[in-house]
Structures are given as structure tokens and as C-alpha cells.
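A.B. asks: Below is a structure I'd like to ask you about.
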Amino acid sequence: TERAFATADIVTAFLRVYQGADEKLASVPLKISIQDAAGKSVFEKTDTLAAERFANDHAADYQFRLPLSTLNAGEYLLTFEATATKTVARRDVRFVVR
């Protein structure tokens, strides 16, 4: 997986969100954030995966286009945080802008 990009590159992050098989499907709030190497927040977005987006296997796909053209050269941490009832799932991915 490539993790170093130019500001002119078009890069899309992909994730799959699952809900418990025995649970009623519900909307899932997503928080997307990017921090620079110093830990300063340089991007934040909230979104929601509607309950209707979840398939019979209780999974829903989500794609996010990285705002590379707005970022300076350096190292970054991309974070996805999904919340369902009392459960929070978080995934972090490091990447570099050249």
C-alpha cells in the first residue's frame, strides 16, 4: 500500500464498518480527522453512515478522498472513528505528503 503522495495526487481511503449480526441496524456517526507530525489537527469532518447503507451482512463501505492539495509537505495521521451505541472503533493510518 502506497503511503507517500504528492499534493496533486488523487487518493481515496476505504473502510468497511460492521454492526453486530444480532443487533438492529442503526445509523453510525463517523469522525474523520487528520493531524500533522506535531499532533495539530489540520482537518476534521463528521459524517453518518445511514442504517440503510448496511447490507444483509451488517457491513457498509465508506470512501474518503484525502484533501492532499490543502496539506503541506510532511507526515500525517489519518483517523477514522465510528460510534455505535456504546462501542467506538478507531483506525489510524500514517501517510506522507511530498
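Residues in the C-alpha cells are numbered from 1 in each chain, the chains being A, B, ... in the order shown, and ligands are numbered from 1 in the order shown.
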Step one, run DSSP on the backbone; step two, keep only residues of chain A assigned to helix (DSSP H, G or I); then write them as an MDAnalysis selection string.

C.D. replies: chainID A and resid 51:53 68:70

A.B. asks: Fewer than 4 positions away in the same chain doesn't count, so skip those; otherwise give me all residues within 10 Å of region 22-30 of chain A, counting only C-alpha atoms, as a PyMOL selection string.

C.D. replies: chain A and resi 17-18+45-56+58-60+62+80-85+88-90

A.B. asks: Counting only C-alpha atoms, which of A:Phe5, A:Arg98, A:Glu75, A:Thr87 gets nearest to Gly20 (chain A)?

C.D. replies: A:Thr87

A.B. asks: Mind checking which residues fall within 9 Å of region 9-14 of chain A, counting only C-alpha atoms, ignoring those fewer than 2 positions away in the same chain, and posting them as a list of chain:residue names?

C.D. replies: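 So, after excluding close chain neighbours, the residues are A:Phe5, A:Ala6, A:Thr7, A:Arg16, A:Asp61, A:Tyr62, A:Gln63, A:Phe64, A:Arg65, A:Leu66, A:Pro67, A:Leu68, A:Ser69.
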
A.B. asks: I'd like the contact shell of Arg3 (chain A) - 9 Å cut-off, only C-alpha atoms, skipping same-chain residues fewer than 6 positions apart - returned as a ChimeraX atom specification.

C.D. replies: /A:93-97

A.B. asks: Quick one: distance from CA of Gln35 (chain A) to CA of Gln19 (chain A) in Å, one decimal?

C.D. replies: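 These atoms are spaced 27.4 Å apart.
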
A.B. asks: Neighbouring residues of Ala38 (chain A) were defined as those with any atom within 12 Å, considering only C-alpha atoms; residues of the same chain fewer than 4 positions away were excluded. Please report them as a list in words.

C.D. replies: Ile34, Val42, Gly74, Glu75, Tyr76 and Leu77 of chain A

A.B. asks: Keeping only C-alpha atoms, write the selected residues to a file as a short mmCIF file (atom, residue, chain, number, x, y, z; two decimals), in the first residue's frame.

C.D. replies:
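For reference, again_21.cif as written:
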```
data_model
loop_
_atom_site.label_atom_id
_atom_site.label_comp_id
_atom_site.auth_asym_id
_atom_site.auth_seq_id
_atom_site.Cartn_x
_atom_site.Cartn_y
_atom_site.Cartn_z
CA ILE A 34 -6.01 14.42 10.08
CA VAL A 42 -5.34 20.12 10.19
CA GLY A 74 5.19 16.34 5.88
CA GLU A 75 3.91 13.39 7.88
CA TYR A 76 0.26 12.99 8.85
CA LEU A 77 -2.07 10.72 10.81
#
```
